[in-house]
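Q: My structure is in protein.cif, and what it holds is mmCIF, C-alpha atoms and all ligand atoms:
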```
data_coords
#
loop_
_atom_site.group_PDB
_atom_site.id
_atom_site.type_symbol
_atom_site.label_atom_id
_atom_site.label_comp_id
_atom_site.auth_asym_id
_atom_site.auth_seq_id
_atom_site.Cartn_x
_atom_site.Cartn_y
_atom_site.Cartn_z
ATOM 1 C CA MET A 146 16.923 -9.479 -3.814
ATOM 2 C CA ARG A 147 20.015 -7.281 -4.002
ATOM 3 C CA GLY A 148 20.760 -5.097 -0.966
ATOM 4 C CA LEU A 149 17.796 -6.038 1.225
ATOM 5 C CA SER A 150 19.590 -8.072 3.886
ATOM 6 C CA GLY A 151 20.085 -5.991 7.028
ATOM 7 C CA ARG A 152 17.835 -3.142 5.888
ATOM 8 C CA ARG A 153 15.042 -1.883 8.131
ATOM 9 C CA ALA A 154 11.395 -1.655 7.124
ATOM 10 C CA LEU A 155 8.181 -0.258 8.586
ATOM 11 C CA VAL A 156 5.051 -1.968 7.223
ATOM 12 C CA THR A 157 1.547 -0.691 7.973
ATOM 13 C CA GLY A 158 -1.571 -2.812 7.682
ATOM 14 C CA ALA A 159 0.716 -5.726 8.474
ATOM 15 C CA ALA A 160 -1.695 -7.947 10.426
ATOM 16 C CA SER A 161 -3.454 -9.198 7.308
ATOM 17 C CA GLY A 162 -3.296 -9.683 3.550
ATOM 18 C CA ILE A 163 -0.723 -7.776 1.514
ATOM 19 C CA GLY A 164 0.978 -6.179 4.528
ATOM 20 C CA ALA A 165 1.359 -9.485 6.399
ATOM 21 C CA ALA A 166 2.760 -11.257 3.323
ATOM 22 C CA THR A 167 5.180 -8.406 2.614
ATOM 23 C CA ALA A 168 6.395 -8.235 6.225
ATOM 24 C CA ALA A 169 7.052 -12.003 6.085
ATOM 25 C CA ARG A 170 8.849 -11.660 2.745
ATOM 26 C CA PHE A 171 10.978 -8.779 4.036
ATOM 27 C CA ARG A 172 11.954 -10.904 7.067
ATOM 28 C CA ALA A 173 12.794 -13.819 4.759
ATOM 29 C CA GLU A 174 15.108 -11.441 2.869
ATOM 30 C CA GLY A 175 16.974 -10.783 6.140
ATOM 31 C CA MET A 176 15.444 -7.395 6.880
ATOM 32 C CA GLY A 177 14.494 -5.968 10.263
ATOM 33 C CA VAL A 178 10.758 -5.284 10.193
ATOM 34 C CA LEU A 179 8.465 -3.213 12.402
ATOM 35 C CA THR A 180 4.827 -4.108 11.789
ATOM 36 C CA VAL A 181 1.929 -1.746 12.487
ATOM 37 C CA ASP A 182 -1.808 -2.379 12.484
ATOM 38 C CA ARG A 183 -4.887 -1.352 14.424
ATOM 39 C CA ALA A 184 -6.188 -4.910 14.699
ATOM 40 C CA GLY A 185 -4.474 -8.274 14.891
ATOM 41 C CA PRO A 186 -0.904 -9.381 15.557
ATOM 42 C CA CYS A 187 1.750 -6.698 15.023
ATOM 43 C CA ASP A 188 4.635 -4.951 16.807
ATOM 44 C CA LEU A 189 2.902 -1.584 17.183
ATOM 45 C CA ALA A 190 -0.874 -1.380 17.595
ATOM 46 C CA LEU A 191 -2.266 1.914 16.396
ATOM 47 C CA ASP A 192 -4.660 3.577 13.993
ATOM 48 C CA VAL A 193 -2.481 5.087 11.249
ATOM 49 C CA ALA A 194 -4.951 7.966 10.861
ATOM 50 C CA ALA A 195 -4.977 8.950 14.545
ATOM 51 C CA PRO A 196 -3.439 12.295 15.532
ATOM 52 C CA GLY A 197 0.271 11.842 16.223
ATOM 53 C CA ALA A 198 0.340 8.314 14.731
ATOM 54 C CA ALA A 199 2.832 9.191 11.988
ATOM 55 C CA GLU A 200 5.300 10.678 14.455
ATOM 56 C CA ALA A 201 4.807 7.697 16.825
ATOM 57 C CA MET A 202 5.627 5.265 13.990
ATOM 58 C CA ALA A 203 8.751 7.182 12.973
ATOM 59 C CA GLU A 204 9.898 7.316 16.598
ATOM 60 C CA ALA A 205 9.264 3.590 17.010
ATOM 61 C CA ALA A 206 11.279 2.854 13.866
ATOM 62 C CA LYS A 207 14.185 4.876 15.234
ATOM 63 C CA ALA A 208 13.958 3.329 18.710
ATOM 64 C CA ARG A 209 13.357 -0.286 17.704
ATOM 65 C CA LEU A 210 15.150 -0.582 14.349
ATOM 66 C CA GLY A 211 17.770 2.136 14.793
ATOM 67 C CA GLY A 212 16.616 3.900 11.623
ATOM 68 C CA LEU A 213 14.595 3.234 8.497
ATOM 69 C CA ASP A 214 15.418 2.168 4.952
ATOM 70 C CA VAL A 215 12.011 1.087 3.627
ATOM 71 C CA LEU A 216 8.573 2.481 4.411
ATOM 72 C CA PHE A 217 5.654 0.409 3.128
ATOM 73 C CA ALA A 218 2.541 2.579 3.648
ATOM 74 C CA ASN A 219 -0.040 -0.069 2.956
ATOM 75 C CA ALA A 220 -2.849 0.086 5.547
ATOM 76 C CA GLY A 221 -6.182 0.794 3.940
ATOM 77 C CA ILE A 222 -9.916 0.240 3.970
ATOM 78 C CA THR A 223 -12.540 0.069 1.269
ATOM 79 C CA ALA A 224 -16.306 0.393 1.029
ATOM 80 C CA ALA A 225 -18.848 0.602 -1.764
ATOM 81 C CA GLN A 226 -21.354 3.436 -1.432
ATOM 82 C CA PRO A 227 -23.359 5.200 -4.161
ATOM 83 C CA LEU A 228 -23.146 8.994 -4.218
ATOM 84 C CA GLU A 229 -26.796 9.381 -3.259
ATOM 85 C CA GLY A 230 -26.838 9.160 0.514
ATOM 86 C CA HIS A 231 -23.044 8.924 0.709
ATOM 87 C CA PRO A 232 -22.273 9.980 4.286
ATOM 88 C CA ASP A 233 -19.612 12.634 4.835
ATOM 89 C CA SER A 234 -18.211 10.410 7.575
ATOM 90 C CA LEU A 235 -17.355 7.604 5.122
ATOM 91 C CA TRP A 236 -15.732 10.041 2.675
ATOM 92 C CA GLU A 237 -13.663 11.551 5.482
ATOM 93 C CA GLU A 238 -12.661 8.201 7.006
ATOM 94 C CA MET A 239 -11.565 6.804 3.630
ATOM 95 C CA LEU A 240 -9.531 9.888 2.754
ATOM 96 C CA ALA A 241 -8.023 9.962 6.264
ATOM 97 C CA ILE A 242 -6.875 6.336 6.279
ATOM 98 C CA ASP A 243 -6.175 5.625 2.600
ATOM 99 C CA LEU A 244 -4.523 8.951 1.701
ATOM 100 C CA SER A 245 -3.852 11.524 4.433
ATOM 101 C CA SER A 246 -2.201 9.011 6.776
ATOM 102 C CA ILE A 247 0.303 8.147 4.015
ATOM 103 C CA PHE A 248 1.142 11.817 3.449
ATOM 104 C CA ARG A 249 1.789 12.313 7.183
ATOM 105 C CA LEU A 250 3.768 9.097 7.521
ATOM 106 C CA CYS A 251 6.010 10.060 4.614
ATOM 107 C CA ARG A 252 6.597 13.490 6.153
ATOM 108 C CA ALA A 253 7.509 11.946 9.503
ATOM 109 C CA CYS A 254 9.794 9.268 8.048
ATOM 110 C CA VAL A 255 11.705 11.245 5.419
ATOM 111 C CA PRO A 256 14.477 12.359 7.812
ATOM 112 C CA LEU A 257 15.187 8.708 8.693
ATOM 113 C CA LEU A 258 14.934 7.586 5.068
ATOM 114 C CA ALA A 259 17.318 10.362 3.986
ATOM 115 C CA GLU A 260 19.856 9.220 6.578
ATOM 116 C CA SER A 261 19.612 5.697 5.170
ATOM 117 C CA GLY A 262 21.256 6.652 1.876
ATOM 118 C CA HIS A 263 18.977 4.236 -0.001
ATOM 119 C CA GLY A 264 15.534 5.108 1.337
ATOM 120 C CA VAL A 265 12.452 3.691 -0.354
ATOM 121 C CA ILE A 266 8.796 4.577 0.110
ATOM 122 C CA LEU A 267 6.275 2.103 -1.258
ATOM 123 C CA MET A 268 2.599 2.957 -1.057
ATOM 124 C CA THR A 269 -0.315 0.729 -1.860
ATOM 125 C CA GLY A 270 -2.609 2.323 -4.387
ATOM 126 C CA SER A 271 -4.958 0.186 -6.450
ATOM 127 C CA VAL A 272 -5.978 -0.321 -10.032
ATOM 128 C CA MET A 273 -8.579 2.180 -8.796
ATOM 129 C CA SER A 274 -5.728 4.743 -8.741
ATOM 130 C CA SER A 275 -6.167 4.870 -12.516
ATOM 131 C CA PHE A 276 -9.878 4.341 -13.135
ATOM 132 C CA GLY A 277 -13.238 4.644 -11.395
ATOM 133 C CA GLU A 278 -16.168 2.403 -10.678
ATOM 134 C CA ALA A 279 -19.782 3.055 -9.632
ATOM 135 C CA GLY A 280 -20.097 3.240 -5.867
ATOM 136 C CA MET A 281 -16.366 3.753 -5.342
ATOM 137 C CA ALA A 282 -16.119 7.555 -5.229
ATOM 138 C CA ALA A 283 -14.255 7.808 -1.935
ATOM 139 C CA TYR A 284 -11.952 4.828 -2.527
ATOM 140 C CA ALA A 285 -11.103 5.872 -6.094
ATOM 141 C CA ALA A 286 -10.494 9.472 -5.033
ATOM 142 C CA ALA A 287 -8.198 8.363 -2.216
ATOM 143 C CA LYS A 288 -6.314 5.892 -4.392
ATOM 144 C CA HIS A 289 -5.905 8.408 -7.253
ATOM 145 C CA GLY A 290 -4.448 10.659 -4.558
ATOM 146 C CA VAL A 291 -1.956 7.981 -3.532
ATOM 147 C CA LEU A 292 -0.635 7.789 -7.096
ATOM 148 C CA GLY A 293 -0.336 11.579 -7.257
ATOM 149 C CA LEU A 294 1.476 11.571 -3.934
ATOM 150 C CA ALA A 295 3.940 8.943 -5.171
ATOM 151 C CA ARG A 296 4.691 10.892 -8.334
ATOM 152 C CA ALA A 297 5.095 14.236 -6.548
ATOM 153 C CA LEU A 298 7.169 12.871 -3.663
ATOM 154 C CA GLY A 299 9.255 10.769 -6.032
ATOM 155 C CA VAL A 300 10.269 13.947 -7.853
ATOM 156 C CA GLU A 301 10.756 15.932 -4.640
ATOM 157 C CA LEU A 302 12.697 13.298 -2.718
ATOM 158 C CA GLY A 303 14.863 11.929 -5.533
ATOM 159 C CA PRO A 304 17.663 14.418 -4.758
ATOM 160 C CA LYS A 305 17.721 13.020 -1.189
ATOM 161 C CA GLY A 306 18.259 9.537 -2.642
ATOM 162 C CA ILE A 307 14.749 8.385 -1.699
ATOM 163 C CA ARG A 308 12.724 6.415 -4.246
ATOM 164 C CA VAL A 309 8.907 6.418 -4.167
ATOM 165 C CA VAL A 310 6.678 3.892 -5.933
ATOM 166 C CA CYS A 311 2.909 3.349 -5.925
ATOM 167 C CA ILE A 312 2.004 -0.340 -6.201
ATOM 168 C CA GLN A 313 -1.361 -0.796 -7.920
ATOM 169 C CA PRO A 314 -2.762 -4.233 -7.060
ATOM 170 C CA GLY A 315 -5.663 -5.704 -8.955
ATOM 171 C CA ALA A 316 -8.051 -8.120 -7.255
ATOM 172 C CA ILE A 317 -6.104 -9.879 -4.511
ATOM 173 C CA LEU A 318 -7.544 -12.477 -2.126
ATOM 174 C CA THR A 319 -7.167 -10.874 1.312
ATOM 175 C CA GLY A 320 -9.231 -9.983 4.366
ATOM 176 C CA MET A 321 -10.494 -6.970 2.420
ATOM 177 C CA THR A 322 -11.932 -8.956 -0.482
ATOM 178 C CA LYS A 323 -12.870 -12.244 1.242
ATOM 179 C CA GLY A 324 -16.292 -11.018 2.409
ATOM 180 C CA PRO A 325 -17.343 -9.348 -0.863
ATOM 181 C CA PHE A 326 -16.045 -12.286 -2.945
ATOM 182 C CA GLU A 327 -17.919 -14.801 -0.781
ATOM 183 C CA ALA A 328 -21.099 -12.723 -0.735
ATOM 184 C CA GLN A 329 -20.954 -12.152 -4.516
ATOM 185 C CA PRO A 330 -19.118 -15.018 -6.230
ATOM 186 C CA GLU A 331 -19.885 -13.365 -9.579
ATOM 187 C CA PHE A 332 -17.739 -10.405 -8.467
ATOM 188 C CA ALA A 333 -14.751 -12.723 -7.910
ATOM 189 C CA ALA A 334 -15.493 -14.521 -11.199
ATOM 190 C CA TYR A 335 -15.555 -11.170 -13.030
ATOM 191 C CA TRP A 336 -12.074 -10.285 -11.806
ATOM 192 C CA ARG A 337 -10.742 -13.793 -12.403
ATOM 193 C CA GLU A 338 -11.973 -13.720 -15.997
ATOM 194 C CA LYS A 339 -10.860 -10.128 -16.586
ATOM 195 C CA ALA A 340 -7.281 -11.036 -15.633
ATOM 196 C CA ALA A 341 -5.204 -12.189 -18.603
ATOM 197 C CA LEU A 342 -3.745 -14.811 -16.260
ATOM 198 C CA LYS A 343 -7.279 -16.065 -15.398
ATOM 199 C CA ARG A 344 -6.859 -16.017 -11.641
ATOM 200 C CA LEU A 345 -7.125 -13.727 -8.644
ATOM 201 C CA GLY A 346 -3.923 -12.415 -7.109
ATOM 202 C CA THR A 347 -2.435 -13.590 -3.824
ATOM 203 C CA PRO A 348 -0.780 -11.469 -1.139
ATOM 204 C CA ASP A 349 2.515 -13.130 -2.085
ATOM 205 C CA ASP A 350 2.132 -11.794 -5.646
ATOM 206 C CA ILE A 351 2.353 -8.300 -4.179
ATOM 207 C CA ALA A 352 4.978 -9.165 -1.549
ATOM 208 C CA GLY A 353 7.416 -10.306 -4.241
ATOM 209 C CA VAL A 354 6.944 -7.075 -6.166
ATOM 210 C CA ALA A 355 7.357 -5.028 -2.976
ATOM 211 C CA ALA A 356 10.624 -6.847 -2.217
ATOM 212 C CA PHE A 357 11.888 -6.144 -5.737
ATOM 213 C CA LEU A 358 10.921 -2.459 -5.553
ATOM 214 C CA ALA A 359 12.543 -2.104 -2.119
ATOM 215 C CA SER A 360 15.756 -3.717 -3.343
ATOM 216 C CA ASP A 361 18.733 -2.305 -5.203
ATOM 217 C CA ASP A 362 17.552 -4.271 -8.246
ATOM 218 C CA ALA A 363 14.998 -1.440 -8.616
ATOM 219 C CA ALA A 364 17.560 1.316 -7.957
ATOM 220 C CA PHE A 365 16.439 3.413 -10.983
ATOM 221 C CA VAL A 366 12.688 3.043 -10.393
ATOM 222 C CA THR A 367 10.952 6.028 -8.807
ATOM 223 C CA ALA A 368 8.016 8.459 -9.084
ATOM 224 C CA THR A 369 5.964 5.859 -10.904
ATOM 225 C CA PRO A 370 3.187 3.340 -10.434
ATOM 226 C CA LEU A 371 3.535 -0.391 -10.970
ATOM 227 C CA VAL A 372 0.337 -2.267 -11.822
ATOM 228 C CA VAL A 373 0.187 -5.827 -10.462
ATOM 229 C CA ASP A 374 -3.143 -7.151 -11.674
ATOM 230 C CA GLY A 375 -2.482 -10.178 -13.848
ATOM 231 C CA GLY A 376 -3.361 -8.108 -16.903
ATOM 232 C CA ALA A 377 -6.897 -7.300 -15.731
ATOM 233 C CA THR A 378 -6.846 -3.600 -16.618
ATOM 234 C CA ALA A 379 -4.792 -3.792 -19.815
ATOM 235 C CA HIS A 380 -8.037 -4.031 -21.801
ATOM 236 C CA PRO A 381 -11.567 -2.525 -21.480
HETATM 237 N N1 LIG B 401 -7.176 -6.885 -1.786
HETATM 238 C C1 LIG B 401 -7.285 -6.220 -2.939
HETATM 239 O O1 LIG B 401 -7.882 -6.718 -3.918
HETATM 240 C C2 LIG B 401 -6.669 -4.853 -3.084
HETATM 241 C C3 LIG B 401 -6.640 -4.275 -4.345
HETATM 242 C C4 LIG B 401 -6.069 -3.024 -4.504
HETATM 243 C C5 LIG B 401 -5.540 -2.370 -3.407
HETATM 244 N N2 LIG B 401 -5.579 -2.960 -2.186
HETATM 245 C C6 LIG B 401 -4.985 -2.217 -1.073
HETATM 246 O O2 LIG B 401 -4.062 -3.028 -0.401
HETATM 247 C C7 LIG B 401 -3.885 -2.544 0.923
HETATM 248 C C8 LIG B 401 -3.913 -3.706 1.882
HETATM 249 O O3 LIG B 401 -5.188 -4.300 1.835
HETATM 250 P P1 LIG B 401 -5.450 -5.879 1.917
HETATM 251 O O4 LIG B 401 -6.122 -6.268 0.673
HETATM 252 O O5 LIG B 401 -4.197 -6.575 2.336
HETATM 253 O O6 LIG B 401 -6.571 -5.880 3.030
HETATM 254 P P2 LIG B 401 -6.615 -6.496 4.514
HETATM 255 O O7 LIG B 401 -7.921 -6.032 5.042
HETATM 256 O O8 LIG B 401 -6.331 -7.954 4.452
HETATM 257 O O9 LIG B 401 -5.422 -5.771 5.269
HETATM 258 C C9 LIG B 401 -5.477 -4.402 5.566
HETATM 259 C C10 LIG B 401 -4.907 -4.210 6.953
HETATM 260 O O10 LIG B 401 -4.877 -2.805 7.211
HETATM 261 C C11 LIG B 401 -5.286 -2.616 8.544
HETATM 262 N N3 LIG B 401 -5.821 -1.268 8.696
HETATM 263 C C12 LIG B 401 -6.908 -0.729 8.088
HETATM 264 N N4 LIG B 401 -7.094 0.519 8.520
HETATM 265 C C13 LIG B 401 -6.118 0.778 9.432
HETATM 266 C C14 LIG B 401 -5.814 1.902 10.230
HETATM 267 N N5 LIG B 401 -6.558 3.004 10.219
HETATM 268 N N6 LIG B 401 -4.714 1.826 11.028
HETATM 269 C C15 LIG B 401 -3.971 0.701 11.080
HETATM 270 N N7 LIG B 401 -4.231 -0.390 10.358
HETATM 271 C C16 LIG B 401 -5.299 -0.356 9.535
HETATM 272 C C17 LIG B 401 -6.342 -3.660 8.793
HETATM 273 O O11 LIG B 401 -6.541 -3.889 10.183
HETATM 274 C C18 LIG B 401 -5.767 -4.850 8.054
HETATM 275 O O12 LIG B 401 -4.969 -5.669 8.895
HETATM 276 C C19 LIG B 401 -4.990 -1.519 1.134
HETATM 277 O O13 LIG B 401 -4.443 -0.212 1.012
HETATM 278 C C20 LIG B 401 -5.954 -1.798 -0.006
HETATM 279 O O14 LIG B 401 -6.699 -0.656 -0.377
HETATM 280 C C21 LIG B 401 -6.128 -4.189 -2.004
#
```
Would you put the structure from the file into structure tokens?
A:
Amino acid sequence: MRGLSGRRALVTGAASGIGAATAARFRAEGMGVLTVDRAGPCDLALDVAAPGAAEAMAEAAKARLGGLDVLFANAGITAAQPLEGHPDSLWEEMLAIDLSSIFRLCRACVPLLAESGHGVILMTGSVMSSFGEAGMAAYAAAKHGVLGLARALGVELGPKGIRVVCIQPGAILTGMTKGPFEAQPEFAAYWREKAALKRLGTPDDIAGVAAFLASDDAAFVTATPLVVDGGATAHP
């Protein structure tokens, strides 16, 4: 992809799934990559929602990469929980990890991204950034927030030369979906059938899109979502 070689990226949630595949793809494109996760192999082990985590990640990017060109705010969790009996703690944890941590990380990294001259922020939303589903109140609310954040920051940061895009994956086979898909094969079958391409997505399907969006080939793309779901949500 145009312009990626030599650029520096911070990838959160990089020990598994979409983040791991994207970190590997960025490296294959010749980029310097700093990986962050709270569990599993990575360069910086921390909880992205912990107090001070955003500043620690920005400092690590400066110290270890010498700056930052691409921020991929991707770490996230999910859980299904009906509204009745929905604990406050789950609502707060989901919002903290899936939304608030991205806001803080963007705020901490913008000075580095502005210095870059071609800064890019990619955030992982979901098809659930655009619709809802029973039992997914907290996840859908957080992911709708991610899309709003991408649009607002894209507009605000454009004059600094920073692009912001919300990637909206459909059903992707990762650590997040493995358990639910194995426990409920009909859930996986539903998503496979719903996709126009009649398959589930792979982490590499998202990694390729992330590489494109981070590259100069996407130089005029900002403040927008990009749905990557094999056509699953193009129809009711
Ligand atoms: N898999 C899907 O079908 C799907 C669909 C839409 C959106 N997404 C989104 O994609 C992103 C990546 O998920 P995935 O599918 O690759 O799942 P995954 O579970 O394979 O990977 C997520 C990674 O994030 C890390 N993580 C979670 N909370 C963290 C925290 N507080 N601090 C640091 N690291 C943390 C986990 O340890 C894990 O390594 C998430 O934001 C998820 O909501 C996934």
Q: I need the residue nearest Ser246 of chain A from this list: A:Ala195, A:Ala166, A:Val265, A:Ala205. Use all atoms listed in the file for the distance.
A: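 Checking each of A:Ala195, A:Ala166, A:Val265, A:Ala205 against Ser246 of chain A, counting all atoms listed in the file, the winner is A:Ala195.
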Q: Applied to this file, what does the PyMOL selection byres (((chain A and resi 157) around 8) and not hetatm) return in terms of residues, put as a PDB file with C-alpha atoms, in the coordinates of the input?
A:
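Written output follows (result22.pdb):
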```
ATOM      1  CA  LEU A 155       8.181  -0.258   8.586  1.00  0.00           C
ATOM      2  CA  VAL A 156       5.051  -1.968   7.223  1.00  0.00           C
ATOM      3  CA  GLY A 158      -1.571  -2.812   7.682  1.00  0.00           C
ATOM      4  CA  ALA A 159       0.716  -5.726   8.474  1.00  0.00           C
ATOM      5  CA  GLY A 164       0.978  -6.179   4.528  1.00  0.00           C
ATOM      6  CA  THR A 180       4.827  -4.108  11.789  1.00  0.00           C
ATOM      7  CA  VAL A 181       1.929  -1.746  12.487  1.00  0.00           C
ATOM      8  CA  ASP A 182      -1.808  -2.379  12.484  1.00  0.00           C
ATOM      9  CA  VAL A 193      -2.481   5.087  11.249  1.00  0.00           C
ATOM     10  CA  PHE A 217       5.654   0.409   3.128  1.00  0.00           C
ATOM     11  CA  ALA A 218       2.541   2.579   3.648  1.00  0.00           C
ATOM     12  CA  ASN A 219      -0.040  -0.069   2.956  1.00  0.00           C
ATOM     13  CA  ALA A 220      -2.849   0.086   5.547  1.00  0.00           C
TER      14      ALA A 220
END
```
Q: With only C-alpha atoms as the basis for distance, which of A:Leu257, A:Ala194, A:Val366, A:Ala359 is at the shortest distance from Val300 of chain A?
A: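 When distances to Val300 of chain A are compared using only C-alpha atoms, the smallest one comes from A:Val366.
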Q: Could you expand the PyMOL selection byres (((chain A and resi 375) around 8) and not hetatm) into the explicit residues it covers here, written as a short mmCIF file (atom, residue, chain, number, x, y, z; two decimals) with C-alpha atoms, in the frame of the given file?
A:
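Below you can see out23.cif, which holds the result:
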```cif
data_model
loop_
_atom_site.label_atom_id
_atom_site.label_comp_id
_atom_site.auth_asym_id
_atom_site.auth_seq_id
_atom_site.Cartn_x
_atom_site.Cartn_y
_atom_site.Cartn_z
CA GLY A 315 -5.66 -5.70 -8.96
CA ALA A 340 -7.28 -11.04 -15.63
CA ALA A 341 -5.20 -12.19 -18.60
CA LEU A 342 -3.74 -14.81 -16.26
CA LYS A 343 -7.28 -16.07 -15.40
CA ARG A 344 -6.86 -16.02 -11.64
CA LEU A 345 -7.12 -13.73 -8.64
CA GLY A 346 -3.92 -12.42 -7.11
CA VAL A 373 0.19 -5.83 -10.46
CA ASP A 374 -3.14 -7.15 -11.67
CA GLY A 376 -3.36 -8.11 -16.90
CA ALA A 377 -6.90 -7.30 -15.73
#
```
Q: When distances are computed from all atoms listed in the file, which of A:Pro381, A:Gly264, A:Pro256, A:Gly151 shows the smallest separation from Phe276 of chain A?
A: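 Nearest candidate to Phe276 of chain A out of A:Pro381, A:Gly264, A:Pro256, A:Gly151: A:Pro381.
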Q: Centre and edge lengths of an axis-aligned box around all listed atoms of segment 154-165 of chain A, with 8 Å added on each side, are to be given in Å to one decimal, as AutoDock Vina command-line options.
A:
```
--center_x 4.0 --center_y -5.0 --center_z 6.0 --size_x 30.8 --size_y 25.4 --size_z 24.9
```
Q: Show me the residues around (6.8, -5.5, 22.0) - criterion: an atom at most 12 Å away, all atoms listed in the file counted - as a PDB file with C-alpha atoms, keeping the file's coordinate frame.
A:
```
ATOM      1  CA  LEU A 179       8.465  -3.213  12.402  1.00  0.00           C
ATOM      2  CA  THR A 180       4.827  -4.108  11.789  1.00  0.00           C
ATOM      3  CA  VAL A 181       1.929  -1.746  12.487  1.00  0.00           C
ATOM      4  CA  PRO A 186      -0.904  -9.381  15.557  1.00  0.00           C
ATOM      5  CA  CYS A 187       1.750  -6.698  15.023  1.00  0.00           C
ATOM      6  CA  ASP A 188       4.635  -4.951  16.807  1.00  0.00           C
ATOM      7  CA  LEU A 189       2.902  -1.584  17.183  1.00  0.00           C
ATOM      8  CA  ALA A 190      -0.874  -1.380  17.595  1.00  0.00           C
ATOM      9  CA  ALA A 205       9.264   3.590  17.010  1.00  0.00           C
ATOM     10  CA  ALA A 208      13.958   3.329  18.710  1.00  0.00           C
ATOM     11  CA  ARG A 209      13.357  -0.286  17.704  1.00  0.00           C
TER      12      ARG A 209
END
```
Q: For this file, the PyMOL selection byres (((chain A and resi 285) around 9) and not hetatm) selects which residues, as JSON, numbers by chain?
A: {"A": [271, 272, 273, 274, 275, 276, 277, 278, 281, 282, 283, 284, 286, 287, 288, 289, 290]}
Q: Given the choices A:Ala253, A:Ala279, A:Ala295, A:Ile351, which gets closest to ligand LIG 401 (chain B) if the distance is worked out from only C-alpha atoms and all ligand atoms?
A: A:Ile351
Q: Can you pull out every residue within 12 Å of Arg147 of chain A, counting all atoms listed in the file, but drop anything in the same chain fewer than 5 positions away, and send it as a CSV table (one decimal) with C-alpha atoms, in the frame of the given file?
A:
```csv
chain,number,residue,atom,x,y,z
A,152,ARG,CA,17.8,-3.1,5.9
A,174,GLU,CA,15.1,-11.4,2.9
A,175,GLY,CA,17.0,-10.8,6.1
A,176,MET,CA,15.4,-7.4,6.9
A,356,ALA,CA,10.6,-6.8,-2.2
A,357,PHE,CA,11.9,-6.1,-5.7
A,358,LEU,CA,10.9,-2.5,-5.6
A,359,ALA,CA,12.5,-2.1,-2.1
A,360,SER,CA,15.8,-3.7,-3.3
A,361,ASP,CA,18.7,-2.3,-5.2
A,362,ASP,CA,17.6,-4.3,-8.2
A,363,ALA,CA,15.0,-1.4,-8.6
A,364,ALA,CA,17.6,1.3,-8.0
```
Q: Measuring between only C-alpha atoms and all ligand atoms, which one of A:Ala203, A:Leu191, A:Leu258, A:Leu235 shows the shortest distance to ligand LIG 401 (chain B)?
A: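 Checking each of A:Ala203, A:Leu191, A:Leu258, A:Leu235 against ligand LIG 401 (chain B), counting only C-alpha atoms and all ligand atoms, the winner is A:Leu191.
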Q: I need the residue nearest ligand LIG 401 (chain B) from this list: A:Lys323, A:Arg153, A:Arg172, A:Arg308. Use all atoms listed in the file for the distance.
A: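 Among the listed residues, A:Lys323 lies closest to ligand LIG 401 (chain B).
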Q: Counting all atoms listed in the file, which residues sit no farther than 8 Å from the position (4.9, -0.2, -7.9) in the file's frame? I'd like them as an mmCIF file with C-alpha atoms, in the frame of the given file.
A:
```
data_model
loop_
_atom_site.group_PDB
_atom_site.id
_atom_site.type_symbol
_atom_site.label_atom_id
_atom_site.label_comp_id
_atom_site.auth_asym_id
_atom_site.auth_seq_id
_atom_site.Cartn_x
_atom_site.Cartn_y
_atom_site.Cartn_z
ATOM 1 C CA LEU A 267 6.275 2.103 -1.258
ATOM 2 C CA MET A 268 2.599 2.957 -1.057
ATOM 3 C CA VAL A 310 6.678 3.892 -5.933
ATOM 4 C CA CYS A 311 2.909 3.349 -5.925
ATOM 5 C CA ILE A 312 2.004 -0.340 -6.201
ATOM 6 C CA GLN A 313 -1.361 -0.796 -7.920
ATOM 7 C CA VAL A 354 6.944 -7.075 -6.166
ATOM 8 C CA ALA A 355 7.357 -5.028 -2.976
ATOM 9 C CA LEU A 358 10.921 -2.459 -5.553
ATOM 10 C CA THR A 369 5.964 5.859 -10.904
ATOM 11 C CA PRO A 370 3.187 3.340 -10.434
ATOM 12 C CA LEU A 371 3.535 -0.391 -10.970
ATOM 13 C CA VAL A 372 0.337 -2.267 -11.822
ATOM 14 C CA VAL A 373 0.187 -5.827 -10.462
#
```
Q: Quick one: everything within 9 Å of Gly162 of chain A, counting all atoms listed in the file, minus sequence neighbours fewer than 6 positions away in the same chain. Send it as a ChimeraX atom specification.
A: /A:317-321,347-349
Q: Taking C-alpha atoms for each residue, export the selection above as a compact mmCIF listing (two decimals), keeping the file's coordinate frame.
A:
```txt
# COMPACT_ATOMS: atom_id res chain seq x y z
CA ILE A 317 -6.10 -9.88 -4.51
CA LEU A 318 -7.54 -12.48 -2.13
CA THR A 319 -7.17 -10.87 1.31
CA GLY A 320 -9.23 -9.98 4.37
CA MET A 321 -10.49 -6.97 2.42
CA THR A 347 -2.44 -13.59 -3.82
CA PRO A 348 -0.78 -11.47 -1.14
CA ASP A 349 2.52 -13.13 -2.08
```
Q: So how many Å separate atom CA of Leu240 of chain A and atom CA of Leu298 of chain A, to one decimal?
A: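 Taking atom CA of Leu240 of chain A as the start and atom CA of Leu298 of chain A as the end point, the length is 18.1 Å.
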Q: Would you compute the distance between atom CA of Leu292 of chain A and atom N1 of ligand LIG 401 (chain B)? Give it in Å to one decimal.
A: 16.9 Å
Q: Between atom CA of Ala259 of chain A and atom N2 of ligand LIG 401 (chain B), what is the spacing in Å?
A: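 Computed distance, atom N2 of ligand LIG 401 (chain B) to atom CA of Ala259 of chain A, equals 27.2 Å.
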